[in-house]
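Participant: One file is attached below, model-v6.cif, containing mmCIF, C-alpha atoms (C1' of nucleotides).
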data_input
#
loop_
_atom_site.label_atom_id
_atom_site.label_comp_id
_atom_site.auth_asym_id
_atom_site.auth_seq_id
_atom_site.Cartn_x
_atom_site.Cartn_y
_atom_site.Cartn_z
CA MET Q 4 -29.17 66.90 137.64
CA ARG Q 5 -31.74 64.74 139.37
CA LEU Q 6 -32.94 66.11 142.69
CA GLU Q 7 -31.75 63.75 145.41
CA ARG Q 8 -33.35 62.59 148.62
CA ALA Q 9 -31.68 65.37 150.59
CA PHE Q 10 -33.57 68.01 148.61
CA PHE Q 11 -36.93 66.54 149.54
CA GLU Q 12 -36.23 65.49 153.12
CA ARG Q 13 -36.28 69.03 154.47
CA SER Q 14 -38.73 71.48 155.95
CA PRO Q 15 -40.63 73.69 155.84
CA VAL Q 16 -42.71 72.35 152.99
CA THR Q 17 -43.47 75.92 151.88
CA GLN Q 18 -39.77 76.43 151.13
CA ILE Q 19 -39.62 73.27 149.03
CA ALA Q 20 -42.77 74.28 147.14
CA ARG Q 21 -41.09 77.58 146.32
CA GLU Q 22 -37.80 76.01 145.26
CA LEU Q 23 -39.58 73.54 142.98
CA ILE Q 24 -40.65 76.44 140.78
CA GLY Q 25 -38.32 76.31 137.76
CA MET Q 26 -37.32 72.66 138.28
CA VAL Q 27 -37.99 70.18 135.45
CA LEU Q 28 -40.45 67.33 135.93
CA CYS Q 29 -39.45 64.38 133.74
CA THR Q 30 -41.36 61.19 132.99
CA GLU Q 31 -40.45 58.21 130.88
CA ILE Q 32 -43.69 56.30 130.54
CA GLU Q 33 -44.69 53.84 127.83
CA GLY Q 34 -41.29 54.55 126.30
CA GLN Q 35 -42.05 58.23 125.85
CA LEU Q 36 -39.84 60.89 127.45
CA THR Q 37 -41.64 64.08 128.43
CA LYS Q 38 -40.33 67.09 130.34
CA GLY Q 39 -42.04 70.15 131.72
CA ARG Q 40 -40.78 73.12 133.73
CA ILE Q 41 -42.71 73.52 136.96
CA VAL Q 42 -44.38 76.95 137.12
CA GLU Q 43 -47.00 76.45 139.84
CA THR Q 44 -47.09 74.51 143.12
CA GLU Q 45 -48.99 74.32 146.40
CA ALA Q 46 -47.69 73.30 149.82
CA TYR Q 47 -49.64 71.04 152.18
CA ALA Q 48 -48.38 70.64 155.73
CA ALA Q 49 -48.79 67.70 158.09
CA VAL Q 50 -49.14 70.00 161.09
CA GLY Q 51 -51.48 72.95 161.38
CA ASP Q 52 -53.07 72.69 157.94
CA ARG Q 53 -56.65 71.48 157.68
CA ALA Q 54 -56.36 71.36 153.88
CA CYS Q 55 -53.79 68.55 154.09
CA HIS Q 56 -55.24 65.09 153.53
CA ALA Q 57 -53.10 63.80 156.39
CA HIS Q 58 -53.63 66.58 158.90
CA LEU Q 59 -53.80 65.62 162.58
CA GLY Q 60 -52.04 62.36 161.75
CA ARG Q 61 -54.92 61.14 159.61
CA PHE Q 62 -53.71 57.79 158.27
CA THR Q 63 -55.81 55.92 155.69
CA ARG Q 64 -55.14 53.72 152.68
CA ARG Q 65 -55.01 56.84 150.54
CA THR Q 66 -52.84 59.02 152.76
CA ARG Q 67 -50.30 56.39 153.74
CA THR Q 68 -48.12 57.39 150.77
CA MET Q 69 -47.72 60.87 152.20
CA TYR Q 70 -45.90 59.33 155.17
CA GLU Q 71 -43.22 57.81 152.94
CA ALA Q 72 -39.74 59.32 152.55
CA GLY Q 73 -39.34 62.73 150.94
CA GLY Q 74 -39.13 62.25 147.17
CA THR Q 75 -42.01 59.76 146.94
CA ALA Q 76 -44.81 60.40 144.42
CA TYR Q 77 -48.25 60.85 145.98
CA ILE Q 78 -50.85 60.53 143.22
CA TYR Q 79 -54.56 60.28 143.90
CA LEU Q 80 -57.78 60.41 141.92
CA CYS Q 81 -59.77 63.62 142.24
CA TYR Q 82 -63.46 63.95 141.28
CA GLY Q 83 -63.31 60.40 139.96
CA ILE Q 84 -61.53 61.62 136.82
CA HIS Q 85 -58.31 63.48 137.43
CA HIS Q 86 -54.99 62.15 138.64
CA LEU Q 87 -53.24 64.75 140.81
CA PHE Q 88 -49.45 64.55 141.15
CA ASN Q 89 -47.74 65.50 144.41
CA VAL Q 90 -44.32 64.88 145.90
CA ALA Q 91 -44.13 63.81 149.51
CA VAL Q 92 -41.51 65.84 151.36
CA ASN Q 93 -39.88 65.92 154.81
CA GLN Q 94 -38.66 62.87 156.73
CA LYS Q 95 -40.42 59.53 156.46
CA GLY Q 96 -43.33 59.61 158.89
CA VAL Q 97 -44.09 63.33 158.35
CA PRO Q 98 -46.83 63.68 155.69
CA ASP Q 99 -45.98 67.03 154.08
CA ALA Q 100 -46.52 67.26 150.31
CA VAL Q 101 -46.24 69.61 147.34
CA LEU Q 102 -48.90 69.56 144.61
CA ILE Q 103 -47.64 70.33 141.10
CA ARG Q 104 -50.29 72.54 139.45
CA GLY Q 105 -48.73 73.70 136.20
CA VAL Q 106 -45.77 73.01 133.90
CA GLU Q 107 -44.38 74.57 130.73
CA PRO Q 108 -43.89 71.86 128.09
CA LEU Q 109 -40.20 71.42 127.28
CA HIS Q 110 -39.87 68.01 125.62
CA GLY Q 111 -42.14 65.36 124.15
CA VAL Q 112 -44.85 67.81 123.13
CA GLU Q 113 -46.14 65.43 120.46
CA THR Q 114 -46.66 62.74 123.11
CA MET Q 115 -48.42 65.23 125.38
CA LEU Q 116 -50.72 66.35 122.58
CA GLU Q 117 -51.62 62.76 121.78
CA ARG Q 118 -52.39 61.90 125.41
CA ARG Q 119 -54.55 65.01 125.72
CA GLY Q 120 -56.32 64.52 122.41
CA MET Q 121 -55.16 67.91 121.18
CA VAL Q 122 -53.47 69.15 118.01
CA LYS Q 123 -51.97 72.44 119.21
CA ALA Q 124 -49.91 73.26 122.32
CA GLU Q 125 -52.23 75.79 123.87
CA ARG Q 126 -52.49 76.54 127.57
CA ARG Q 127 -54.83 73.74 128.49
CA LEU Q 128 -52.19 71.21 127.44
CA THR Q 129 -50.40 71.37 130.81
CA ALA Q 130 -51.83 74.31 132.84
CA GLY Q 131 -53.64 72.63 135.73
CA PRO Q 132 -52.92 69.69 138.04
CA GLY Q 133 -55.24 67.25 136.29
CA VAL Q 134 -54.24 68.07 132.73
CA LEU Q 135 -50.49 68.10 133.31
CA SER Q 136 -50.71 64.64 134.83
CA GLN Q 137 -52.59 63.40 131.78
CA ALA Q 138 -50.08 65.02 129.41
CA MET Q 139 -47.12 63.46 131.21
CA GLY Q 140 -48.66 60.01 131.64
CA LEU Q 141 -48.94 60.24 135.42
CA THR Q 142 -51.67 58.08 136.94
CA THR Q 143 -52.40 56.51 140.29
CA ALA Q 144 -50.49 53.48 138.98
CA PHE Q 145 -47.38 55.47 140.00
CA ASN Q 146 -48.56 56.29 143.51
CA GLY Q 147 -45.65 55.48 145.85
CA HIS Q 148 -43.05 55.71 143.07
CA ASP Q 149 -39.62 56.83 144.30
CA LEU Q 150 -38.34 59.86 142.36
CA CYS Q 151 -34.81 59.45 143.73
CA THR Q 152 -33.98 55.94 142.53
CA PRO Q 153 -31.59 56.00 139.54
CA GLY Q 154 -33.47 54.98 136.42
CA SER Q 155 -36.89 55.78 137.88
CA GLN Q 156 -39.63 56.61 135.41
CA ILE Q 157 -40.42 59.85 137.23
CA ARG Q 158 -37.82 62.36 138.41
CA ILE Q 159 -37.33 66.06 138.95
CA GLU Q 160 -34.22 67.72 137.55
CA ASP Q 161 -32.42 70.95 138.43
CA ASP Q 162 -30.96 72.56 135.31
CA GLY Q 163 -29.91 75.71 137.15
CA VAL Q 164 -32.91 77.77 136.12
CA SER Q 165 -34.87 77.47 139.36
CA ALA Q 166 -32.37 79.48 141.40
CA GLN Q 167 -32.57 82.32 138.88
CA LEU Q 168 -36.36 82.46 139.09
CA GLN Q 169 -36.73 82.65 142.87
CA ASP Q 170 -37.13 86.44 142.72
CA ALA Q 171 -39.96 86.11 140.19
CA ILE Q 172 -42.31 84.01 142.30
CA GLU Q 173 -45.71 85.20 143.43
CA THR Q 174 -47.85 83.68 146.18
CA GLY Q 175 -51.54 83.46 147.03
CA PRO Q 176 -54.19 81.24 148.62
CA ARG Q 177 -54.51 77.63 147.48
CA VAL Q 178 -57.28 76.50 145.15
CA GLY Q 179 -60.40 74.48 145.92
CA ILE Q 180 -59.98 74.00 149.64
CA ASP Q 181 -62.80 76.05 151.13
CA TYR Q 182 -63.46 73.17 153.53
CA ALA Q 183 -60.21 74.04 155.33
CA GLY Q 184 -61.69 77.03 157.15
CA GLU Q 185 -59.18 79.75 157.97
CA ASP Q 186 -56.31 77.56 156.70
CA ALA Q 187 -57.74 78.18 153.23
CA LEU Q 188 -56.36 81.71 153.55
CA LEU Q 189 -52.72 80.63 153.92
CA PRO Q 190 -50.71 81.96 150.92
CA TRP Q 191 -49.24 78.58 150.09
CA ARG Q 192 -49.75 78.61 146.33
CA TYR Q 193 -46.64 79.59 144.38
CA TRP Q 194 -46.31 80.49 140.73
CA LEU Q 195 -43.84 81.95 138.28
CA SER Q 196 -44.85 85.53 137.67
CA GLY Q 197 -46.36 86.05 134.24
CA SER Q 198 -46.21 82.41 133.16
CA LYS Q 199 -48.67 81.39 130.49
CA TRP Q 200 -48.68 77.89 131.97
CA LYS Q 201 -50.12 78.73 135.37
CA SER Q 202 -53.48 77.03 135.94
CA PRO Q 203 -56.48 79.24 135.20
CA ALA Q 204 -58.12 78.49 138.56
CA LYS Q 205 -58.76 81.52 140.74
"C1'" DC Y 19 -64.35 86.10 129.56
"C1'" DA Y 20 -67.88 84.63 133.13
"C1'" DC Y 21 -71.00 81.41 134.52
"C1'" DG Y 22 -73.29 76.96 135.36
"C1'" DG Y 23 -73.71 72.15 135.24
"C1'" DG Y 24 -72.28 67.40 134.43
"C1'" DA Y 25 -68.87 63.76 134.44
"C1'" DT Y 26 -67.31 59.82 137.47
"C1'" DC Y 27 -65.38 56.83 141.22
"C1'" DG Y 28 -62.22 56.01 145.19
"C1'" DT Y 29 -62.32 57.10 149.81
"C1'" DC Y 30 -64.11 57.78 154.22
"C1'" DT Y 31 -68.28 58.29 157.35
"C1'" DG O 28 -74.29 57.75 150.86
"C1'" DA O 29 -71.75 62.13 150.31
"C1'" DC O 30 -68.13 64.46 148.52
"C1'" DG O 31 -63.99 66.02 146.41
"C1'" DA O 32 -56.38 69.75 146.16
"C1'" DT O 33 -60.78 69.40 138.46
"C1'" DC O 34 -61.96 69.99 133.79
"C1'" DC O 35 -64.78 70.59 129.78
"C1'" DC O 36 -68.43 72.30 127.21
"C1'" DG O 37 -72.37 75.07 126.33
"C1'" DT O 38 -74.50 79.48 126.71
"C1'" DG O 39 -74.49 84.44 127.15
"C1'" DT O 40 -72.10 89.02 126.82
#
Show me, as structure tokens, the structure contained in the file I just sent.
Facilitator:
Amino acid sequence: MRLERAFFERSPVTQIARELIGMVLCTEIEGQLTKGRIVETEAYAAVGDRACHAHLGRFTRRTRTMYEAGGTAYIYLCYGIHHLFNVAVNQKGVPDAVLIRGVEPLHGVETMLERRGMVKAERRLTAGPGVLSQAMGLTTAFNGHDLCTPGSQIRIEDDGVSAQLQDAIETGPRVGIDYAGEDALLPWRYWLSGSKWKSPAK
DNA sequence: CACGGGATCGTCT
DNA sequence: GACGATCCCGTGT
């Protein structure tokens, strides 16, 4: 079942990031249905988190999407090359977000391979925030897309697996945010223990 | 597997 | 004008 607004419009964001492990990210882009089980996430908090793009109420053309209602896609370009997919959470006006960092391919593998220019479904197909976005057709063109509108091209589904995996989640510091000072130490990265599809980043 | 460097451009200072 | 919530490829072990 599609996750509804009520799932995303909660706090704390760390809890949502944890519960998203095991959920199924689905896209229907250019007529191609792809699905991947979320195995790695990171939480970014509006308050008390220097790593968050919108910390201290920072409001710019880029971050404005984070202030939208929970369940809105926040997609931005990183390093000029990679499209990173996040979901805004919490009430409209509170810019919390969860970054999706790794998925296990479930459906539409041929489409994913084609988009990635690969012939075999090895780890680098969808393990990592930039590569999973490419595999699933997610680009900044979908920034601001509402995941909760029936018929939307992007949605997250609960097939009952997530709840069974909550005891198999590990946590650690987030990746690539040294600029955040001591907030870089917060253990706000979550992953499914032992998953092959976790991003290789340390 | 570890590492080092280059790619590439929107965003903010 | 500087810098990324990254990835890939080459080289070395």
Participant: On this structure, which residues satisfy the PyMOL selection byres ((chain O) within 7 of (chain Q)), written as a VMD selection string?
Facilitator: chain O and resid 31 to 33
Participant: Using only C-alpha atoms (C1' of nucleotides), I'd like every residue of chain Y that has an atom within 10 Å of chain Q; please write them out as an mmCIF file with C-alpha atoms (C1' of nucleotides), keeping the file's coordinate frame.
Facilitator:
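This is the output file result-v6.cif:
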data_model
loop_
_atom_site.group_PDB
_atom_site.id
_atom_site.type_symbol
_atom_site.label_atom_id
_atom_site.label_comp_id
_atom_site.auth_asym_id
_atom_site.auth_seq_id
_atom_site.Cartn_x
_atom_site.Cartn_y
_atom_site.Cartn_z
ATOM 1 C "C1'" DA Y 25 -68.870 63.760 134.440
ATOM 2 C "C1'" DT Y 26 -67.310 59.820 137.470
ATOM 3 C "C1'" DC Y 27 -65.380 56.830 141.220
ATOM 4 C "C1'" DG Y 28 -62.220 56.010 145.190
ATOM 5 C "C1'" DT Y 29 -62.320 57.100 149.810
ATOM 6 C "C1'" DC Y 30 -64.110 57.780 154.220
#
Participant: For region 38-55 of chain Q, I'd like the enclosing box, axis-aligned and padded by 4 Å on every side, reported as lines of an AutoDock Vina configuration file with centre and edge lengths in Å to one decimal.
Facilitator:
center_x = -48.5
center_y = 72.0
center_z = 145.9
size_x = 24.3
size_y = 17.9
size_z = 39.0
Participant: The PyMOL selection byres ((chain Y and resi 23) around 12) - which residues does that actually catch in the file I just gave you? List them as an MDAnalysis selection string.
Facilitator: (chainID Y and resid 21:22 24:25) or (chainID O and resid 35:38)
Participant: Expanded to explicit residues, what is the PyMOL selection byres ((chain Q and resi 70) around 6) for this file, as a PyMOL selection string?
Facilitator: chain Q and resi 67-69+71+95-98
Participant: Counting all atoms listed in the file, I want the residues whose atoms come within 8 Å of (-68.0, 84.1, 130.9) in the file frame, returned as JSON, numbers by chain.
Facilitator: {"Y": [19, 20, 21], "O": [39, 40]}
Participant: Would you mind listing what lies within 12 Å of DT31 (chain Y) as a ChimeraX atom specification, with all atoms listed in the file counted and same-chain residues fewer than 3 positions away left out?
Facilitator: /O:28-30
Participant: Let me make sure I understand: among Q:Val106, Q:Ile41, Q:Ala49, Q:Ala57, which one has the smallest atom-to-atom distance to Pro15 (chain Q) if we use all atoms listed in the file?
Facilitator: Q:Ala49
Participant: Can you tell me how far CA of Ala48 (chain Q) sits from CA of Pro108 (chain Q), in Å to one decimal?
Facilitator: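 Interatomic distance, CA of Ala48 (chain Q) to CA of Pro108 (chain Q): 28.0 Å.
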Participant: Given the choices Q:Met4, Q:Leu189, Q:Val164, Q:Ala20, which gets closest to Pro176 (chain Q) if the distance is worked out from all atoms listed in the file?
Facilitator: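 Counting all atoms listed in the file, the residue closest to Pro176 (chain Q) is Q:Leu189.
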Participant: Compare Q:Gly147, Q:Leu135, Q:Leu28, Q:Ser165 by their minimum atom-to-atom distance to Trp194 (chain Q), counting all atoms listed in the file, and give me the closest one.
Facilitator: Q:Ser165
